[in-house]
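Chemist: I am attaching a structure below and will ask some questions about it afterwards.
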Amino acid sequence: MTNVFGRHQSGTCTCCHLSRRGFVGGTAALGLAGALFAKPSVAAPAATLIDTHHHFFPPAYQKAWLEWEDARRVPHFPSQVARSKSKAIEEMDEAGIRTAVLSIASTPGVWFDLDAERASQMARDCND
């Protein structure tokens, strides 16, 4: 059987003249490409980011900060009150953060109206 263009029509797509062999080959190539470049859906994104200003509050620091704010009737940041090491790591994992450079809040820093020796100890505790 021939089509309007005078070509043999058996095994050929009537609209674009694609043979079955060409169709199957193209489909196989498409499937292979999809398999090669597919990302597993269960794997977490690769942690590649670096957070250069990450707040973390060691327990002693967090306690001193909350007491300092209470004494001054300063409202607490809800995210600061709920902060924990495990929560910080979980949030980093979700965001694809591999490394974080820790920062202490600039106010009140590590001072908290402490004497020099206790403020130095607070700074050491935060660094540890």
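Starting from 1 in every chain, residues are counted up; chains themselves are A, B, ... following the order of the structure tokens, and ligands are numbered from 1 as listed.
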Show which residues sit within 10 Å of Trp65 (chain A), as a CSV table (one decimal) with N, CA and C atoms, in the first residue's frame. Count only C-alpha atoms, and ignore same-chain residues fewer than 3 positions away.
Modeler:
```csv
chain,number,residue,atom,x,y,z
A,57,PHE,N,22.7,28.6,70.2
A,57,PHE,CA,22.7,29.0,71.6
A,57,PHE,C,23.0,27.9,72.5
A,59,PRO,N,23.4,25.7,75.9
A,59,PRO,CA,22.4,25.8,77.0
A,59,PRO,C,22.7,26.9,78.0
A,60,ALA,N,23.9,27.0,78.5
A,60,ALA,CA,24.3,28.1,79.5
A,60,ALA,C,24.0,29.5,78.9
A,61,TYR,N,24.4,29.7,77.7
A,61,TYR,CA,24.2,30.9,77.0
A,61,TYR,C,22.7,31.2,76.9
A,62,GLN,N,21.9,30.2,76.5
A,62,GLN,CA,20.5,30.4,76.3
A,62,GLN,C,19.8,30.8,77.6
A,68,TRP,N,18.5,37.5,81.2
A,68,TRP,CA,18.9,38.9,80.9
A,68,TRP,C,17.7,39.6,80.3
A,69,GLU,N,17.0,39.0,79.3
A,69,GLU,CA,15.8,39.6,78.7
A,69,GLU,C,14.7,39.7,79.7
A,70,ASP,N,14.4,38.7,80.5
A,70,ASP,CA,13.4,38.8,81.5
A,70,ASP,C,13.6,40.0,82.5
A,71,ALA,N,14.9,40.2,82.9
A,71,ALA,CA,15.2,41.3,83.8
A,71,ALA,C,14.9,42.6,83.2
A,76,HIS,N,11.0,37.6,74.3
A,76,HIS,CA,11.9,36.6,73.7
A,76,HIS,C,11.5,36.3,72.2
A,80,GLN,N,14.4,31.5,69.2
A,80,GLN,CA,15.5,31.4,70.1
A,80,GLN,C,15.2,30.6,71.2
A,81,VAL,N,14.0,30.7,71.8
A,81,VAL,CA,13.6,29.9,72.9
A,81,VAL,C,13.5,28.4,72.6
A,105,ALA,N,24.8,36.2,69.2
A,105,ALA,CA,24.0,37.4,69.0
A,105,ALA,C,24.8,38.6,69.5
A,107,THR,N,23.7,41.4,70.7
A,107,THR,CA,23.2,41.9,71.9
A,107,THR,C,22.5,40.8,72.6
A,108,PRO,N,22.9,40.4,73.7
A,108,PRO,CA,23.9,41.1,74.6
A,108,PRO,C,25.3,40.5,74.5
A,109,GLY,N,25.6,39.8,73.4
A,109,GLY,CA,26.9,39.2,73.3
A,109,GLY,C,27.1,38.1,74.4
A,110,VAL,N,28.3,38.1,75.0
A,110,VAL,CA,28.5,37.2,76.1
A,110,VAL,C,28.6,37.9,77.5
A,111,TRP,N,28.3,39.2,77.5
A,111,TRP,CA,28.5,40.0,78.6
A,111,TRP,C,27.4,39.7,79.7
A,112,PHE,N,26.2,39.9,79.5
A,112,PHE,CA,25.1,39.7,80.4
A,112,PHE,C,25.3,40.4,81.8
```
Chemist: If you count only C-alpha atoms, which residues fall within 10 Å of Met92 (chain A), apart from same-chain ones fewer than 5 positions away, as a list of chain:residue names?
Modeler: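 Final neighbour list, sorted by chain and number: A:Ala47, A:Leu49, A:Ile50, A:Asp51, A:His54, A:Ser86, A:Lys87, A:Ile97, A:Arg98, A:Thr99, A:Ala100.
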Chemist: With N, CA, C and O atoms retained, write the just-selected residues as a PDB file, in the first residue's frame.
Modeler:
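Written output follows (part_6.pdb):
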```
ATOM      1  N   ALA A  47      24.398  17.885  50.727  1.00  0.00           N
ATOM      2  CA  ALA A  47      24.695  19.063  51.526  1.00  0.00           C
ATOM      3  C   ALA A  47      25.945  19.726  50.963  1.00  0.00           C
ATOM      4  O   ALA A  47      27.041  19.198  51.079  1.00  0.00           O
ATOM      5  N   LEU A  49      26.017  23.551  50.818  1.00  0.00           N
ATOM      6  CA  LEU A  49      26.032  24.960  51.203  1.00  0.00           C
ATOM      7  C   LEU A  49      26.796  25.176  52.507  1.00  0.00           C
ATOM      8  O   LEU A  49      26.900  24.280  53.340  1.00  0.00           O
ATOM      9  N   ILE A  50      27.297  26.395  52.680  1.00  0.00           N
ATOM     10  CA  ILE A  50      27.943  26.795  53.927  1.00  0.00           C
ATOM     11  C   ILE A  50      27.181  27.999  54.455  1.00  0.00           C
ATOM     12  O   ILE A  50      27.068  29.022  53.781  1.00  0.00           O
ATOM     13  N   ASP A  51      26.652  27.872  55.655  1.00  0.00           N
ATOM     14  CA  ASP A  51      25.950  28.967  56.318  1.00  0.00           C
ATOM     15  C   ASP A  51      27.008  29.773  57.063  1.00  0.00           C
ATOM     16  O   ASP A  51      27.616  29.284  58.009  1.00  0.00           O
ATOM     17  N   HIS A  54      25.420  31.483  61.312  1.00  0.00           N
ATOM     18  CA  HIS A  54      24.472  30.542  61.898  1.00  0.00           C
ATOM     19  C   HIS A  54      24.398  30.759  63.408  1.00  0.00           C
ATOM     20  O   HIS A  54      25.406  30.666  64.098  1.00  0.00           O
ATOM     21  N   SER A  86      19.910  19.629  68.187  1.00  0.00           N
ATOM     22  CA  SER A  86      19.302  18.678  67.248  1.00  0.00           C
ATOM     23  C   SER A  86      18.404  19.390  66.234  1.00  0.00           C
ATOM     24  O   SER A  86      18.385  19.042  65.053  1.00  0.00           O
ATOM     25  N   LYS A  87      17.687  20.428  66.687  1.00  0.00           N
ATOM     26  CA  LYS A  87      16.823  21.175  65.756  1.00  0.00           C
ATOM     27  C   LYS A  87      17.669  21.936  64.733  1.00  0.00           C
ATOM     28  O   LYS A  87      17.329  21.995  63.552  1.00  0.00           O
ATOM     29  N   ILE A  97      22.649  22.333  54.007  1.00  0.00           N
ATOM     30  CA  ILE A  97      23.815  23.031  54.552  1.00  0.00           C
ATOM     31  C   ILE A  97      24.793  22.002  55.113  1.00  0.00           C
ATOM     32  O   ILE A  97      24.429  21.195  55.959  1.00  0.00           O
ATOM     33  N   ARG A  98      26.023  22.056  54.619  1.00  0.00           N
ATOM     34  CA  ARG A  98      27.055  21.097  55.030  1.00  0.00           C
ATOM     35  C   ARG A  98      27.811  21.599  56.256  1.00  0.00           C
ATOM     36  O   ARG A  98      28.170  20.831  57.134  1.00  0.00           O
ATOM     37  N   THR A  99      28.076  22.906  56.313  1.00  0.00           N
ATOM     38  CA  THR A  99      28.887  23.498  57.363  1.00  0.00           C
ATOM     39  C   THR A  99      28.246  24.801  57.799  1.00  0.00           C
ATOM     40  O   THR A  99      27.671  25.516  56.982  1.00  0.00           O
ATOM     41  N   ALA A 100      28.387  25.115  59.082  1.00  0.00           N
ATOM     42  CA  ALA A 100      27.879  26.384  59.583  1.00  0.00           C
ATOM     43  C   ALA A 100      28.950  27.058  60.424  1.00  0.00           C
ATOM     44  O   ALA A 100      29.618  26.412  61.221  1.00  0.00           O
TER      45      ALA A 100
END
```
Chemist: Taking only C-alpha atoms into account, name the residue in A:Asp113, A:Ser120, A:Arg21, A:Ala88 that is nearest to Pro58 (chain A).
Modeler: A:Ala88
Chemist: Enumerate the residues of region 43-99 of chain A with a DSSP assignment of helix (DSSP H, G or I), computed from the backbone, and present them as a list in words.
Modeler: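 Going through region 43-99 of chain A, the helix (DSSP H, G or I) residues come out as Pro59, Ala60, Tyr61, Gln62, Lys63, Ala64, Trp65, Leu66, Glu67, Trp68, Glu69, Asp70, Ala71, Pro78, Ser79, Gln80, Val81, Lys85, Ser86, Lys87, Ala88, Ile89, Glu90, Glu91, Met92, Asp93, Glu94 and Ala95 of chain A.
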Chemist: Measure the distance from CA of Thr52 (chain A) to CA of Leu102 (chain A) in Å and round it to one decimal.
Modeler: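 Atom-to-atom, CA of Thr52 (chain A) and CA of Leu102 (chain A) are spaced 7.4 Å apart.
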